[in-house]
>>> print(open('target-v9.cif').read())   # mmCIF, N, CA and C atoms
data_work
#
loop_
_atom_site.label_atom_id
_atom_site.label_comp_id
_atom_site.auth_asym_id
_atom_site.auth_seq_id
_atom_site.Cartn_x
_atom_site.Cartn_y
_atom_site.Cartn_z
N MET A 1 -22.30 -190.69 -127.09
CA MET A 1 -22.87 -191.77 -127.86
C MET A 1 -21.81 -192.57 -128.62
N THR A 2 -20.81 -191.87 -129.14
CA THR A 2 -19.78 -192.59 -129.89
C THR A 2 -18.95 -193.49 -128.99
N SER A 3 -18.85 -193.14 -127.70
CA SER A 3 -18.10 -194.00 -126.79
C SER A 3 -18.83 -195.33 -126.58
N ILE A 4 -20.14 -195.31 -126.58
CA ILE A 4 -20.92 -196.55 -126.46
C ILE A 4 -20.64 -197.45 -127.66
N LEU A 5 -20.65 -196.87 -128.85
CA LEU A 5 -20.39 -197.63 -130.06
C LEU A 5 -18.96 -198.18 -130.06
N LEU A 6 -18.01 -197.38 -129.62
CA LEU A 6 -16.62 -197.81 -129.56
C LEU A 6 -16.44 -198.99 -128.61
N VAL A 7 -17.04 -198.91 -127.43
CA VAL A 7 -16.97 -200.00 -126.46
C VAL A 7 -17.63 -201.25 -127.03
N TYR A 8 -18.75 -201.08 -127.70
CA TYR A 8 -19.47 -202.20 -128.31
C TYR A 8 -18.59 -202.90 -129.35
N ILE A 9 -17.94 -202.13 -130.20
CA ILE A 9 -17.07 -202.69 -131.23
C ILE A 9 -15.89 -203.42 -130.59
N ILE A 10 -15.26 -202.81 -129.60
CA ILE A 10 -14.11 -203.43 -128.92
C ILE A 10 -14.52 -204.74 -128.26
N MET A 11 -15.65 -204.73 -127.55
CA MET A 11 -16.09 -205.95 -126.87
C MET A 11 -16.38 -207.08 -127.86
N ASN A 12 -16.91 -206.74 -129.02
CA ASN A 12 -17.20 -207.78 -130.00
C ASN A 12 -15.94 -208.30 -130.67
N LEU A 13 -14.95 -207.45 -130.85
CA LEU A 13 -13.66 -207.93 -131.35
C LEU A 13 -13.00 -208.85 -130.34
N ILE A 14 -13.11 -208.49 -129.06
CA ILE A 14 -12.58 -209.35 -128.00
C ILE A 14 -13.32 -210.68 -128.00
N GLY A 15 -14.65 -210.65 -128.13
CA GLY A 15 -15.44 -211.88 -128.16
C GLY A 15 -15.03 -212.79 -129.31
N LEU A 16 -14.82 -212.22 -130.48
CA LEU A 16 -14.38 -212.99 -131.64
C LEU A 16 -13.01 -213.60 -131.39
N LEU A 17 -12.10 -212.80 -130.89
CA LEU A 17 -10.73 -213.26 -130.63
C LEU A 17 -10.69 -214.35 -129.56
N VAL A 18 -11.47 -214.18 -128.51
CA VAL A 18 -11.47 -215.16 -127.42
C VAL A 18 -12.00 -216.51 -127.91
N MET A 19 -12.99 -216.50 -128.77
CA MET A 19 -13.49 -217.76 -129.32
C MET A 19 -12.43 -218.45 -130.17
N LYS A 20 -11.66 -217.69 -130.93
CA LYS A 20 -10.59 -218.27 -131.74
C LYS A 20 -9.50 -218.84 -130.85
N VAL A 21 -9.09 -218.08 -129.84
CA VAL A 21 -8.04 -218.53 -128.94
C VAL A 21 -8.47 -219.82 -128.22
N ASP A 22 -9.71 -219.85 -127.75
CA ASP A 22 -10.17 -221.04 -127.04
C ASP A 22 -10.24 -222.25 -127.98
N LYS A 23 -10.65 -222.04 -129.22
CA LYS A 23 -10.69 -223.14 -130.19
C LYS A 23 -9.28 -223.65 -130.46
N ASP A 24 -8.32 -222.74 -130.64
CA ASP A 24 -6.94 -223.14 -130.87
C ASP A 24 -6.39 -223.92 -129.68
N ARG A 25 -6.70 -223.46 -128.48
CA ARG A 25 -6.26 -224.17 -127.28
C ARG A 25 -6.90 -225.55 -127.18
N ALA A 26 -8.15 -225.66 -127.59
CA ALA A 26 -8.83 -226.95 -127.54
C ALA A 26 -8.16 -227.94 -128.49
N LYS A 27 -7.78 -227.47 -129.66
CA LYS A 27 -7.10 -228.34 -130.63
C LYS A 27 -5.76 -228.85 -130.09
N LYS A 28 -5.07 -227.99 -129.33
CA LYS A 28 -3.75 -228.34 -128.80
C LYS A 28 -3.82 -228.98 -127.42
N GLN A 29 -5.05 -229.20 -126.93
CA GLN A 29 -5.29 -229.76 -125.60
C GLN A 29 -4.55 -228.96 -124.51
N GLN A 30 -4.65 -227.64 -124.61
CA GLN A 30 -4.05 -226.74 -123.64
C GLN A 30 -5.11 -226.23 -122.67
N TYR A 31 -4.64 -225.44 -121.69
CA TYR A 31 -5.54 -224.81 -120.72
C TYR A 31 -6.56 -223.96 -121.46
N ARG A 32 -7.83 -224.12 -121.12
CA ARG A 32 -8.92 -223.49 -121.84
C ARG A 32 -9.45 -222.25 -121.13
N ILE A 33 -10.12 -221.41 -121.89
CA ILE A 33 -10.83 -220.26 -121.35
C ILE A 33 -12.15 -220.79 -120.79
N SER A 34 -12.48 -220.40 -119.57
CA SER A 34 -13.67 -220.95 -118.93
C SER A 34 -14.95 -220.48 -119.63
N GLU A 35 -15.96 -221.32 -119.54
CA GLU A 35 -17.25 -220.96 -120.12
C GLU A 35 -17.83 -219.73 -119.44
N ASN A 36 -17.56 -219.57 -118.15
CA ASN A 36 -18.03 -218.37 -117.43
C ASN A 36 -17.41 -217.11 -118.03
N THR A 37 -16.14 -217.18 -118.41
CA THR A 37 -15.48 -216.03 -119.02
C THR A 37 -16.09 -215.73 -120.38
N LEU A 38 -16.37 -216.75 -121.16
CA LEU A 38 -17.01 -216.55 -122.46
C LEU A 38 -18.37 -215.87 -122.30
N TRP A 39 -19.13 -216.32 -121.32
CA TRP A 39 -20.44 -215.71 -121.06
C TRP A 39 -20.29 -214.27 -120.56
N LEU A 40 -19.31 -214.02 -119.73
CA LEU A 40 -19.10 -212.67 -119.21
C LEU A 40 -18.79 -211.69 -120.35
N ILE A 41 -17.93 -212.11 -121.25
CA ILE A 41 -17.61 -211.27 -122.41
C ILE A 41 -18.87 -211.00 -123.23
N ALA A 42 -19.66 -212.03 -123.45
CA ALA A 42 -20.90 -211.87 -124.21
C ALA A 42 -21.86 -210.92 -123.49
N LEU A 43 -21.99 -211.07 -122.19
CA LEU A 43 -22.91 -210.23 -121.41
C LEU A 43 -22.46 -208.78 -121.33
N LEU A 44 -21.16 -208.55 -121.45
CA LEU A 44 -20.63 -207.19 -121.37
C LEU A 44 -20.60 -206.49 -122.73
N GLY A 45 -21.34 -207.04 -123.69
CA GLY A 45 -21.48 -206.38 -124.98
C GLY A 45 -20.84 -207.12 -126.14
N GLY A 46 -20.25 -208.28 -125.90
CA GLY A 46 -19.56 -208.99 -126.96
C GLY A 46 -20.31 -210.18 -127.53
N ALA A 47 -21.62 -210.19 -127.42
CA ALA A 47 -22.40 -211.35 -127.87
C ALA A 47 -22.35 -211.54 -129.39
N VAL A 48 -22.33 -210.47 -130.14
CA VAL A 48 -22.25 -210.62 -131.60
C VAL A 48 -20.91 -211.25 -131.97
N GLY A 49 -19.83 -210.76 -131.37
CA GLY A 49 -18.50 -211.31 -131.65
C GLY A 49 -18.36 -212.76 -131.25
N THR A 50 -18.90 -213.12 -130.08
CA THR A 50 -18.81 -214.51 -129.65
C THR A 50 -19.67 -215.41 -130.54
N THR A 51 -20.81 -214.89 -130.99
CA THR A 51 -21.67 -215.67 -131.88
C THR A 51 -20.98 -215.88 -133.23
N VAL A 52 -20.41 -214.83 -133.78
CA VAL A 52 -19.70 -214.95 -135.05
C VAL A 52 -18.51 -215.91 -134.89
N GLY A 53 -17.77 -215.77 -133.79
CA GLY A 53 -16.65 -216.65 -133.53
C GLY A 53 -17.07 -218.10 -133.38
N MET A 54 -18.19 -218.31 -132.72
CA MET A 54 -18.71 -219.66 -132.55
C MET A 54 -18.99 -220.30 -133.91
N GLN A 55 -19.60 -219.55 -134.81
CA GLN A 55 -19.92 -220.07 -136.13
C GLN A 55 -18.68 -220.18 -137.02
N ARG A 56 -17.87 -219.16 -137.01
CA ARG A 56 -16.69 -219.14 -137.89
C ARG A 56 -15.69 -220.23 -137.54
N TYR A 57 -15.44 -220.41 -136.25
CA TYR A 57 -14.44 -221.39 -135.82
C TYR A 57 -15.05 -222.72 -135.41
N ARG A 58 -16.37 -222.85 -135.60
CA ARG A 58 -17.10 -224.07 -135.24
C ARG A 58 -16.74 -224.51 -133.83
N HIS A 59 -16.93 -223.59 -132.91
CA HIS A 59 -16.54 -223.80 -131.52
C HIS A 59 -17.74 -223.63 -130.60
N LYS A 60 -17.96 -224.60 -129.73
CA LYS A 60 -19.07 -224.60 -128.77
C LYS A 60 -20.42 -224.73 -129.45
N THR A 61 -20.46 -225.19 -130.67
CA THR A 61 -21.72 -225.27 -131.41
C THR A 61 -22.60 -226.42 -130.94
N LYS A 62 -22.06 -227.37 -130.20
CA LYS A 62 -22.87 -228.47 -129.68
C LYS A 62 -23.47 -228.17 -128.32
N HIS A 63 -23.02 -227.09 -127.69
CA HIS A 63 -23.56 -226.69 -126.39
C HIS A 63 -24.80 -225.84 -126.64
N LEU A 64 -25.95 -226.34 -126.25
CA LEU A 64 -27.20 -225.63 -126.53
C LEU A 64 -27.25 -224.25 -125.90
N SER A 65 -26.64 -224.11 -124.70
CA SER A 65 -26.67 -222.80 -124.05
C SER A 65 -25.91 -221.76 -124.87
N PHE A 66 -24.85 -222.17 -125.54
CA PHE A 66 -24.11 -221.26 -126.41
C PHE A 66 -24.81 -221.11 -127.76
N LYS A 67 -25.24 -222.22 -128.31
CA LYS A 67 -25.85 -222.24 -129.64
C LYS A 67 -27.07 -221.33 -129.73
N PHE A 68 -27.86 -221.29 -128.66
CA PHE A 68 -29.05 -220.44 -128.66
C PHE A 68 -28.88 -219.18 -127.82
N GLY A 69 -28.12 -219.30 -126.74
CA GLY A 69 -27.95 -218.17 -125.83
C GLY A 69 -27.20 -216.99 -126.43
N PHE A 70 -26.07 -217.28 -127.09
CA PHE A 70 -25.29 -216.18 -127.68
C PHE A 70 -26.09 -215.41 -128.74
N PRO A 71 -26.74 -216.10 -129.69
CA PRO A 71 -27.52 -215.34 -130.68
C PRO A 71 -28.67 -214.53 -130.08
N ILE A 72 -29.36 -215.09 -129.10
CA ILE A 72 -30.45 -214.35 -128.46
C ILE A 72 -29.91 -213.12 -127.76
N LEU A 73 -28.80 -213.29 -127.05
CA LEU A 73 -28.16 -212.16 -126.38
C LEU A 73 -27.66 -211.13 -127.39
N ALA A 74 -27.16 -211.60 -128.53
CA ALA A 74 -26.68 -210.69 -129.57
C ALA A 74 -27.81 -209.81 -130.10
N VAL A 75 -28.97 -210.41 -130.34
CA VAL A 75 -30.14 -209.63 -130.82
C VAL A 75 -30.53 -208.60 -129.77
N ALA A 76 -30.55 -209.00 -128.50
CA ALA A 76 -30.91 -208.06 -127.43
C ALA A 76 -29.90 -206.91 -127.36
N GLU A 77 -28.63 -207.23 -127.52
CA GLU A 77 -27.61 -206.17 -127.47
C GLU A 77 -27.72 -205.22 -128.66
N ILE A 78 -28.05 -205.74 -129.82
CA ILE A 78 -28.22 -204.87 -130.99
C ILE A 78 -29.40 -203.94 -130.80
N ILE A 79 -30.48 -204.46 -130.24
CA ILE A 79 -31.66 -203.63 -129.95
C ILE A 79 -31.30 -202.54 -128.94
N LEU A 80 -30.60 -202.92 -127.88
CA LEU A 80 -30.18 -201.93 -126.87
C LEU A 80 -29.24 -200.89 -127.46
N LEU A 81 -28.31 -201.33 -128.30
CA LEU A 81 -27.39 -200.39 -128.93
C LEU A 81 -28.17 -199.39 -129.79
N GLY A 82 -29.12 -199.89 -130.57
CA GLY A 82 -29.95 -199.01 -131.37
C GLY A 82 -30.71 -197.99 -130.54
N TYR A 83 -31.21 -198.46 -129.42
CA TYR A 83 -31.93 -197.57 -128.51
C TYR A 83 -31.01 -196.47 -127.97
N PHE A 84 -29.84 -196.88 -127.46
CA PHE A 84 -28.92 -195.90 -126.87
C PHE A 84 -28.34 -194.94 -127.89
N LEU A 85 -28.23 -195.37 -129.13
CA LEU A 85 -27.69 -194.48 -130.15
C LEU A 85 -28.73 -193.49 -130.67
N THR A 86 -30.01 -193.75 -130.38
CA THR A 86 -31.04 -192.84 -130.86
C THR A 86 -31.55 -191.86 -129.80
N ILE A 87 -31.16 -192.07 -128.54
CA ILE A 87 -31.63 -191.13 -127.51
C ILE A 87 -30.68 -189.96 -127.37
#
>>> encode(input="target-v9.cif", output="structure tokens")
Amino acid sequence: MTSILLVYIIMNLIGLLVMKVDKDRAKKQQYRISENTLWLIALLGGAVGTTVGMQRYRHKTKHLSFKFGFPILAVAEIILLGYFLTI
């Protein structure tokens, strides 16, 4: 059970970091992290981190799929995490 929690924490830290890196790259007009990669990280357990990163760094907030999709996915992941930690 603790390995599930550890993976969850790591994925969310990665999600937060990736949103910051992509925002920094956007400011410098550099090569960007693809939206598919951002979604993959969120789907693999990093939705809370990507959501926090989106809000904290004000990144991708105008994209409705991110604005609503990441938070909905984050809630689903928290519910699943709670389920797996109680069985």
>>> closest_residue(input="target-v9.cif", among="A:Tyr57, A:Phe70, A:Leu64, A:Val21", to="Ala42 of chain A", atoms="only N, CA and C atoms")
A:Phe70
>>> select_by_dssp(input="target-v9.cif", residues="segment 13-87 of chain A", states="helix (DSSP H, G or I)", output="PyMOL selection string")
chain A and resi 13-27+35-56+64-86
>>> residues_around(input="target-v9.cif", residues="segment 8-14 of chain A", least_positions_apart="2", cutoff="6.5 Å", atoms="all atoms listed in the file", output="PyMOL selection string")
chain A and resi 3-6+16-19+44-50
>>> atom_distance(input="target-v9.cif", atom1="atom C of Tyr31 of chain A", atom2="atom CA of His59 of chain A")
14.2 Å
>>> axis_aligned_box(input="target-v9.cif", around="segment 46-64 of chain A", padding_each_side="8 Å", output="JSON")
{"center_x": -20.8, "center_y": -218.4, "center_z": -131.9, "size_x": 28.8, "size_y": 36.2, "size_z": 28.0}
>>> atom_distance(input="target-v9.cif", atom1="atom C of Tyr83 of chain A", atom2="atom C of Pro71 of chain A")
18.3 Å
>>> closest_residue(input="target-v9.cif", among="A:Val7, A:Leu85, A:Ile78, A:Ala26", to="Ile41 of chain A", atoms="only C-alpha atoms")
A:Val7
>>> atom_distance(input="target-v9.cif", atom1="atom CA of Arg25 of chain A", atom2="atom C of Ser65 of chain A")
19.9 Å
>>> closest_residue(input="target-v9.cif", among="A:Phe68, A:Ala76, A:Asp22, A:Gly53", to="Glu35 of chain A", atoms="only C-alpha atoms")
A:Asp22
>>> decode(input="target-v9.cif", residues="segment 45-61 of chain A", atoms="all heavy atoms", output="compact mmCIF listing (two decimals), in the first residue's frame")
# COMPACT_ATOMS: atom_id res chain seq x y z
N GLY A 45 -1.47 9.37 -12.76
CA GLY A 45 -1.51 9.64 -11.33
C GLY A 45 -1.08 11.04 -10.94
O GLY A 45 -1.07 11.37 -9.75
N GLY A 46 -0.73 11.88 -11.89
CA GLY A 46 -0.24 13.21 -11.56
C GLY A 46 -1.23 14.33 -11.76
O GLY A 46 -0.84 15.50 -11.91
N ALA A 47 -2.51 14.04 -11.72
CA ALA A 47 -3.53 15.06 -12.00
C ALA A 47 -3.57 16.15 -10.94
O ALA A 47 -3.79 17.32 -11.27
CB ALA A 47 -4.90 14.42 -12.16
N VAL A 48 -3.36 15.81 -9.70
CA VAL A 48 -3.36 16.83 -8.65
C VAL A 48 -2.19 17.79 -8.87
O VAL A 48 -2.34 19.00 -8.82
CB VAL A 48 -3.31 16.21 -7.24
CG1 VAL A 48 -3.11 17.27 -6.18
CG2 VAL A 48 -4.59 15.42 -6.95
N GLY A 49 -1.02 17.24 -9.16
CA GLY A 49 0.16 18.07 -9.40
C GLY A 49 0.02 18.96 -10.61
O GLY A 49 0.39 20.13 -10.58
N THR A 50 -0.54 18.41 -11.70
CA THR A 50 -0.72 19.23 -12.90
C THR A 50 -1.78 20.31 -12.66
O THR A 50 -1.64 21.42 -13.16
CB THR A 50 -1.08 18.37 -14.12
OG1 THR A 50 -2.22 17.56 -13.83
CG2 THR A 50 0.08 17.51 -14.57
N THR A 51 -2.80 19.98 -11.88
CA THR A 51 -3.83 20.97 -11.57
C THR A 51 -3.25 22.10 -10.71
O THR A 51 -3.49 23.28 -10.98
CB THR A 51 -5.02 20.32 -10.84
OG1 THR A 51 -5.56 19.29 -11.68
CG2 THR A 51 -6.11 21.33 -10.51
N VAL A 52 -2.49 21.73 -9.69
CA VAL A 52 -1.87 22.75 -8.84
C VAL A 52 -0.89 23.59 -9.67
O VAL A 52 -0.87 24.82 -9.55
CB VAL A 52 -1.15 22.09 -7.64
CG1 VAL A 52 -0.29 23.10 -6.88
CG2 VAL A 52 -2.16 21.44 -6.70
N GLY A 53 -0.11 22.94 -10.52
CA GLY A 53 0.82 23.66 -11.37
C GLY A 53 0.12 24.60 -12.33
O GLY A 53 0.58 25.71 -12.59
N MET A 54 -1.00 24.15 -12.87
CA MET A 54 -1.77 24.98 -13.78
C MET A 54 -2.22 26.26 -13.07
O MET A 54 -2.13 27.36 -13.63
CB MET A 54 -2.99 24.19 -14.30
CG MET A 54 -3.86 24.95 -15.25
SD MET A 54 -5.26 23.98 -15.87
CE MET A 54 -6.12 23.56 -14.36
N GLN A 55 -2.70 26.13 -11.85
CA GLN A 55 -3.16 27.29 -11.10
C GLN A 55 -2.01 28.15 -10.59
O GLN A 55 -2.04 29.37 -10.70
CB GLN A 55 -4.04 26.83 -9.93
CG GLN A 55 -5.31 26.14 -10.35
CD GLN A 55 -6.19 27.01 -11.23
OE1 GLN A 55 -6.38 28.18 -10.95
NE2 GLN A 55 -6.70 26.44 -12.31
N ARG A 56 -1.00 27.51 -10.05
CA ARG A 56 0.12 28.24 -9.47
C ARG A 56 0.89 29.04 -10.50
O ARG A 56 1.29 30.18 -10.26
CB ARG A 56 1.05 27.28 -8.75
CG ARG A 56 2.22 27.96 -8.11
CD ARG A 56 3.07 27.02 -7.33
NE ARG A 56 4.15 27.76 -6.74
CZ ARG A 56 4.66 27.52 -5.57
NH1 ARG A 56 4.18 26.54 -4.85
NH2 ARG A 56 5.65 28.24 -5.11
N TYR A 57 1.15 28.43 -11.66
CA TYR A 57 1.94 29.09 -12.69
C TYR A 57 1.08 29.75 -13.77
O TYR A 57 1.61 30.27 -14.74
CB TYR A 57 2.92 28.09 -13.31
CG TYR A 57 3.77 27.42 -12.27
CD1 TYR A 57 3.69 26.06 -12.03
CD2 TYR A 57 4.64 28.17 -11.48
CE1 TYR A 57 4.45 25.45 -11.06
CE2 TYR A 57 5.40 27.57 -10.49
CZ TYR A 57 5.30 26.21 -10.29
OH TYR A 57 6.07 25.62 -9.32
N ARG A 58 -0.24 29.72 -13.57
CA ARG A 58 -1.19 30.31 -14.52
C ARG A 58 -0.87 29.84 -15.94
O ARG A 58 -0.66 30.62 -16.86
CB ARG A 58 -1.17 31.84 -14.41
CG ARG A 58 -1.64 32.30 -13.04
CD ARG A 58 -1.42 33.76 -12.76
NE ARG A 58 -1.89 34.66 -13.79
CZ ARG A 58 -3.08 35.24 -13.82
NH1 ARG A 58 -3.95 34.97 -12.88
NH2 ARG A 58 -3.41 36.06 -14.78
N HIS A 59 -0.84 28.53 -16.08
CA HIS A 59 -0.46 27.90 -17.33
C HIS A 59 -1.57 26.99 -17.83
O HIS A 59 -2.09 26.17 -17.08
CB HIS A 59 0.84 27.11 -17.13
CG HIS A 59 1.43 26.58 -18.38
ND1 HIS A 59 1.66 27.37 -19.48
CD2 HIS A 59 1.84 25.33 -18.72
CE1 HIS A 59 2.20 26.63 -20.43
NE2 HIS A 59 2.31 25.40 -20.00
N LYS A 60 -1.95 27.14 -19.08
CA LYS A 60 -3.00 26.35 -19.74
C LYS A 60 -4.37 26.62 -19.14
O LYS A 60 -5.30 25.84 -19.33
CB LYS A 60 -2.69 24.85 -19.65
CG LYS A 60 -1.40 24.41 -20.29
CD LYS A 60 -1.53 24.39 -21.77
CE LYS A 60 -0.27 23.78 -22.40
NZ LYS A 60 -0.27 23.94 -23.83
N THR A 61 -4.54 27.73 -18.46
CA THR A 61 -5.82 28.02 -17.81
C THR A 61 -6.90 28.44 -18.79
O THR A 61 -8.08 28.44 -18.44
CB THR A 61 -5.66 29.12 -16.73
OG1 THR A 61 -5.07 30.27 -17.34
CG2 THR A 61 -4.79 28.63 -15.59
